[in-house]
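Q: To start, I am sharing the structure in question, which I have written as structure tokens.
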2 protein chains.
Amino acid sequence: MAISVTAALLIIGDEILTGRTKDKNIGYIAEYLTGIGVDLREVRVVPDVEEEIVAAVNALRGRYTYLFTTGGIGPTHDDITADCIAKAFGVGIDHDPRAVAMLRERYTPEELNEARLRMARIPDGADLIENPISKAPGFRIGNVFVMAGVPSIMQAMLDIIAPSLETGARMIIETIEAEGLAEGIYAEGLSLIASSSPSVSIGSYPSFSTGGFRNQIVVRGKDPEAVADAAAAVRDHLARLKGDQAPL
Amino acid sequence: MAISVTAALLIIGDEILTGRTKDKNIGYIAEYLTGIGVDLREVRVVPDVEEEIVAAVNALRGRYTYLFTTGGIGPTHDDITADCIAKAFGVGIDHDPRAVAMLRERYTPEELNEARLRMARIPDGADLIENPISKAPGFRIGNVFVMAGVPSIMQAMLDIIAPSLETGARMIIETIEAEGLAEGIYAEGLSLIASSSPSVSIGSYPSFSTGGFRNQIVVRGKDPEAVADAAAAVRDHLARLKGDQAPL
């Protein structure tokens with residue numbers, strides 16, 4: 001089995017915590033990382049408060065292979081992510097000539113005022129992450145990738161970052177519809193299958209709409225054979241139950 | 001000024017971390033709590049792993065007035081939230097006769113099998129939170145509220161919980177459109193306004209679509225006069241800049 005490459009995601013911004021902005025980055029990044037073989041293990045959302053950001057960065061970068069952050073790298077006073085990252089790593093921060101050069105592609109010397117130059121403040125020792133949309137770069141320092149919060153820019157940065165990431169075996173995911181069967185009916189057998197398939201994880205996910213409950217069983221794992229075996233066992237179990245069940 | 005009532009939210013579930021399910025609860029709960037005067041200060045998403053859940057519950061319940069959790073209270077083997085909460089509080093857990101009675105409203109004695117009875121496992125000393133949709137209750141223990149992950153059920157539970165919450169002064173939020181002005185143009189003045197308005201927080205939020213950037217400035221605070229004053233200062237600042245600006 002390949003090594004496991006893990007990640008955490010830190011979403012920085014009061015606007016998410018007040019509900020003003022509905023986050024779109026967690027789901028996107030989760031799916032993206034899963035797809036390339038990086039296991040997202042934890043997400044945190046913290047406010048634009050220095051101590052909170054620094055504490056979360058240090059807690060998460062130590063626990064996982066990678067930490068990704070989104071938000072707080074614009075030109076306004078509430079954009080404090082770069083300074084917090086420098087503080088978390090105990091390094092200096094200043095206008096980075098490479099970042100200034102990138103901003104010059106977008107702004108005339110007159111437009112490149114002090115506020116906009118804030119976007120070129122990069123912690124010492126960091127590598128820049130290009131921003132094909134609005135030029136102000138993200139950066140990587142150690143195992144931490146600092147990205148914009150605007151989804152389209154974050155997505156472009158993630159595409160740029162991805163080839164540089166170590167990746168592990170990709171998660172194989174099989175979804176099985178439990179058509180017409182209630183969770184409480186298949187739970188016991190599912191638990192037995194889960195116990196006898198230690199290398200896969202099996203989840204049961206109800207969703208509810210006007211049509212009533214719809215249950216899906218998801219088998220996840222990195223060993224293709226183990227996933228296929230467990231999924232087959234789940235399908236057999238459901239088929240047996242359907243045969244047994246009295247008509248609704 | 002009224003006291004500040006704070007909260008954290010813990011989203012429990014592998015399905016969010018793999019991107020299979022796109023979370024809809026964070027934005028809803030954030031907006032809901034903000035609306036009733038509870039300040040959401042932190043969100044975490046953790047997998048269906050006992051140590052992770054227990055550690056997060058204990059970290060968060062100690063730091064904030066309230067902790068809300070979603071997910072992991074169904075009948076299948078991967079629903080381990082109730083057991084983790086009991087462990088976090090160091091209390092026992094067993095079938096709760098009140099919870100069993102609720103399940104009996106939905107299930108016949110024959111249907112109420114061992115798996116479904118799992119949904120009546122409630123930590124000792126907890127109060128139940130009714131589930132008007134599918135009966136299996138959530139619960140409150142200490143300052144922790146344990147809710148379902150299915151959005152419609154979580155929302156119904158939150159409506160039931162809300163009247164029992166202590167609430168602080170409600171956050172007043174004013175949103176100002178920075179029509180046609182770039183963040184880098186208004187950032188310096190905005191920073192000065194923010195510095196001279198210590199009781200409010202001011203954020204600048206760009207969003208990006210095919211029409212280009214759209215910037216909104218949000219002034220937040222609990223003192224109505226301070227929010228109104230800061231918002232007026234922001235509007236004056238933007239109007240002055242528009243007067244100055246050469247046509248695009």
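By convention in this document, the chains of the structure tokens carry letters A, B, ... by their order, each chain's residues are numbered from 1, and ligands are numbered from 1 in the order they are shown.
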Residues of chain A within 8 Å of chain B, counting only C-alpha atoms - could you list those as an MDAnalysis selection string?

A: chainID A and resid 15:23 26:32 34 39:47 75:78 113:116 150 152 183:185 187:188 190:191 194 202:204 206:208

Q: Which residues, written as a VMD selection string, have at least one atom at most 12 Å from Ser164 of chain B, with only C-alpha atoms counted and residues fewer than 5 positions away on the same chain left out?

A: chain B and resid 36 66 127 129 140 143 145 157 to 159

Q: Running DSSP on the backbone, which parts of segment 160-214 of chain B land in alpha helix (DSSP H), as a list in words?

A: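 Here is the list: Ile160, Ile161, Glu183, Gly184, Ile185, Tyr186, Ala187, Glu188, Gly189, Leu190, Ser191, Leu192, Ile193, Ala194 and Ser195 of chain B.
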
Q: Can you write out the residues you just picked, keeping C-alpha atoms, as an mmCIF file, in the first residue's frame?

A:
```cif
data_model
loop_
_atom_site.group_PDB
_atom_site.id
_atom_site.type_symbol
_atom_site.label_atom_id
_atom_site.label_comp_id
_atom_site.auth_asym_id
_atom_site.auth_seq_id
_atom_site.Cartn_x
_atom_site.Cartn_y
_atom_site.Cartn_z
ATOM 1 C CA ILE B 160 -36.503 23.850 19.060
ATOM 2 C CA ILE B 161 -33.188 24.675 20.753
ATOM 3 C CA GLU B 183 -10.259 47.466 -3.013
ATOM 4 C CA GLY B 184 -6.790 48.890 -3.553
ATOM 5 C CA ILE B 185 -8.315 52.349 -4.065
ATOM 6 C CA TYR B 186 -10.364 52.491 -0.880
ATOM 7 C CA ALA B 187 -8.169 50.297 1.341
ATOM 8 C CA GLU B 188 -6.082 53.043 2.949
ATOM 9 C CA GLY B 189 -9.046 55.185 3.968
ATOM 10 C CA LEU B 190 -10.940 52.109 5.123
ATOM 11 C CA SER B 191 -8.051 51.160 7.366
ATOM 12 C CA LEU B 192 -8.149 54.614 8.982
ATOM 13 C CA ILE B 193 -11.897 54.326 9.588
ATOM 14 C CA ALA B 194 -11.378 50.855 11.070
ATOM 15 C CA SER B 195 -8.644 52.144 13.403
#
```

Q: Report the distance between atom CA of Ala233 of chain B and atom CA of Ile73 of chain A in Å, rounded to one decimal place.

A: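 Pair atom CA of Ala233 of chain B / atom CA of Ile73 of chain A returns 24.1 Å.
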
Q: Just asking: which residues within segment 25-186 of chain A are strand (DSSP E) according to DSSP, as JSON, numbers by chain?

A: {"A": [39, 40, 41, 42, 43, 44, 45, 46, 66, 67, 68, 69, 70, 93, 94, 95, 121, 122, 123, 127, 128, 129, 138, 139, 140, 141, 144, 145, 146, 147, 172, 173, 174, 175, 176, 177]}

Q: Write the selection just made, keeping N, CA and C atoms, as a tab-separated table (two decimals), in the first residue's frame?

A:
```
chain	number	residue	atom	x	y	z
A	39	ASP	N	-5.55	12.96	1.47
A	39	ASP	CA	-6.69	12.76	2.37
A	39	ASP	C	-6.92	13.99	3.24
A	40	LEU	N	-8.02	14.66	3.01
A	40	LEU	CA	-8.37	15.80	3.86
A	40	LEU	C	-8.89	15.26	5.18
A	41	ARG	N	-8.22	15.60	6.28
A	41	ARG	CA	-8.54	15.01	7.58
A	41	ARG	C	-9.24	15.98	8.53
A	42	GLU	N	-9.13	17.27	8.27
A	42	GLU	CA	-9.72	18.23	9.20
A	42	GLU	C	-9.90	19.57	8.50
A	43	VAL	N	-10.97	20.25	8.84
A	43	VAL	CA	-11.20	21.62	8.36
A	43	VAL	C	-11.47	22.49	9.57
A	44	ARG	N	-10.93	23.69	9.56
A	44	ARG	CA	-11.32	24.67	10.58
A	44	ARG	C	-11.68	25.99	9.91
A	45	VAL	N	-12.63	26.68	10.51
A	45	VAL	CA	-12.95	28.04	10.09
A	45	VAL	C	-12.68	28.94	11.28
A	46	VAL	N	-11.85	29.95	11.10
A	46	VAL	CA	-11.52	30.87	12.20
A	46	VAL	C	-11.73	32.31	11.74
A	66	TYR	N	0.09	18.38	4.69
A	66	TYR	CA	-0.07	19.73	4.13
A	66	TYR	C	-1.17	20.48	4.87
A	67	LEU	N	-1.01	21.80	4.88
A	67	LEU	CA	-2.10	22.67	5.32
A	67	LEU	C	-2.39	23.65	4.20
A	68	PHE	N	-3.66	23.75	3.83
A	68	PHE	CA	-4.10	24.74	2.85
A	68	PHE	C	-4.90	25.80	3.58
A	69	THR	N	-4.68	27.07	3.25
A	69	THR	CA	-5.53	28.11	3.81
A	69	THR	C	-6.19	28.88	2.68
A	70	THR	N	-7.38	29.42	2.97
A	70	THR	CA	-8.02	30.32	2.02
A	70	THR	C	-8.44	31.59	2.76
A	93	ILE	N	8.70	39.30	7.39
A	93	ILE	CA	7.80	39.48	6.24
A	93	ILE	C	8.05	40.86	5.67
A	94	ASP	N	8.10	40.92	4.35
A	94	ASP	CA	8.35	42.21	3.70
A	94	ASP	C	7.83	42.15	2.26
A	95	HIS	N	7.86	43.30	1.58
A	95	HIS	CA	7.49	43.31	0.17
A	95	HIS	C	8.46	42.43	-0.59
A	121	ARG	N	3.36	41.54	0.30
A	121	ARG	CA	4.03	41.17	1.56
A	121	ARG	C	4.02	39.65	1.70
A	122	ILE	N	5.19	39.07	1.66
A	122	ILE	CA	5.32	37.61	1.64
A	122	ILE	C	6.31	37.20	2.72
A	123	PRO	N	5.99	36.19	3.52
A	123	PRO	CA	6.94	35.76	4.55
A	123	PRO	C	8.28	35.33	3.95
A	127	ASP	N	7.72	30.46	-1.31
A	127	ASP	CA	7.62	30.44	-2.77
A	127	ASP	C	6.26	30.98	-3.17
A	128	LEU	N	6.22	31.71	-4.28
A	128	LEU	CA	4.95	32.31	-4.69
A	128	LEU	C	4.07	31.32	-5.45
A	129	ILE	N	2.76	31.51	-5.33
A	129	ILE	CA	1.79	30.77	-6.14
A	129	ILE	C	1.12	31.78	-7.05
A	138	GLY	N	-0.57	33.94	-4.16
A	138	GLY	CA	-0.55	33.21	-2.91
A	138	GLY	C	0.88	32.79	-2.66
A	139	PHE	N	1.11	31.96	-1.66
A	139	PHE	CA	2.47	31.49	-1.43
A	139	PHE	C	2.49	30.18	-0.67
A	140	ARG	N	3.64	29.53	-0.77
A	140	ARG	CA	3.88	28.31	-0.02
A	140	ARG	C	5.06	28.51	0.89
A	141	ILE	N	4.89	28.17	2.15
A	141	ILE	CA	6.03	28.17	3.06
A	141	ILE	C	5.97	26.87	3.85
A	144	VAL	N	2.78	24.62	4.13
A	144	VAL	CA	1.56	25.42	4.16
A	144	VAL	C	1.36	26.17	2.84
A	145	PHE	N	0.17	26.01	2.26
A	145	PHE	CA	-0.17	26.70	1.01
A	145	PHE	C	-1.23	27.75	1.32
A	146	VAL	N	-0.91	28.99	0.98
A	146	VAL	CA	-1.80	30.11	1.30
A	146	VAL	C	-2.46	30.60	0.02
A	147	MET	N	-3.79	30.47	-0.02
A	147	MET	CA	-4.52	30.77	-1.25
A	147	MET	C	-5.56	31.87	-1.02
A	172	ILE	N	-10.66	5.02	-3.49
A	172	ILE	CA	-11.66	4.48	-4.42
A	172	ILE	C	-12.99	4.49	-3.70
A	173	ILE	N	-13.98	5.04	-4.35
A	173	ILE	CA	-15.27	5.25	-3.69
A	173	ILE	C	-16.36	4.57	-4.51
A	174	GLU	N	-17.10	3.67	-3.86
A	174	GLU	CA	-18.26	3.06	-4.54
A	174	GLU	C	-19.52	3.46	-3.81
A	175	THR	N	-20.48	3.96	-4.53
A	175	THR	CA	-21.74	4.39	-3.92
A	175	THR	C	-22.83	3.41	-4.32
A	176	ILE	N	-23.55	2.94	-3.33
A	176	ILE	CA	-24.61	1.95	-3.58
A	176	ILE	C	-25.93	2.53	-3.08
A	177	GLU	N	-26.91	2.57	-3.95
A	177	GLU	CA	-28.23	3.07	-3.57
A	177	GLU	C	-28.97	1.99	-2.80
```

Q: Calculate how many Å separate atom CA of Gln216 of chain B from atom CA of Ala7 of chain B, rounding to one decimal.

A: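 Between atom CA of Gln216 of chain B and atom CA of Ala7 of chain B the gap works out to 26.0 Å.
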
Q: If you measure from atom CA of Thr6 of chain A to atom CA of Ala56 of chain B, what distance in Å do you get, rounded to one decimal?

A: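 Interatomic distance, atom CA of Thr6 of chain A to atom CA of Ala56 of chain B: 18.2 Å.
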
Q: Determine, counting only C-alpha atoms, which protein, DNA and RNA residues have an atom within 12 Å of an atom of Glu51 of chain A; residues of the same chain fewer than 2 positions away are not included. Present the result as number ranges by chain.

A: A: 46-49, 53-58, 80-81, 83-85, 87-88

Q: Asp229 of chain B: which residues within 10 Å, counting only C-alpha atoms, same-chain residues fewer than 3 positions away excluded, as number ranges by chain?

A: B: 193, 197, 200, 219, 224-226, 232-235
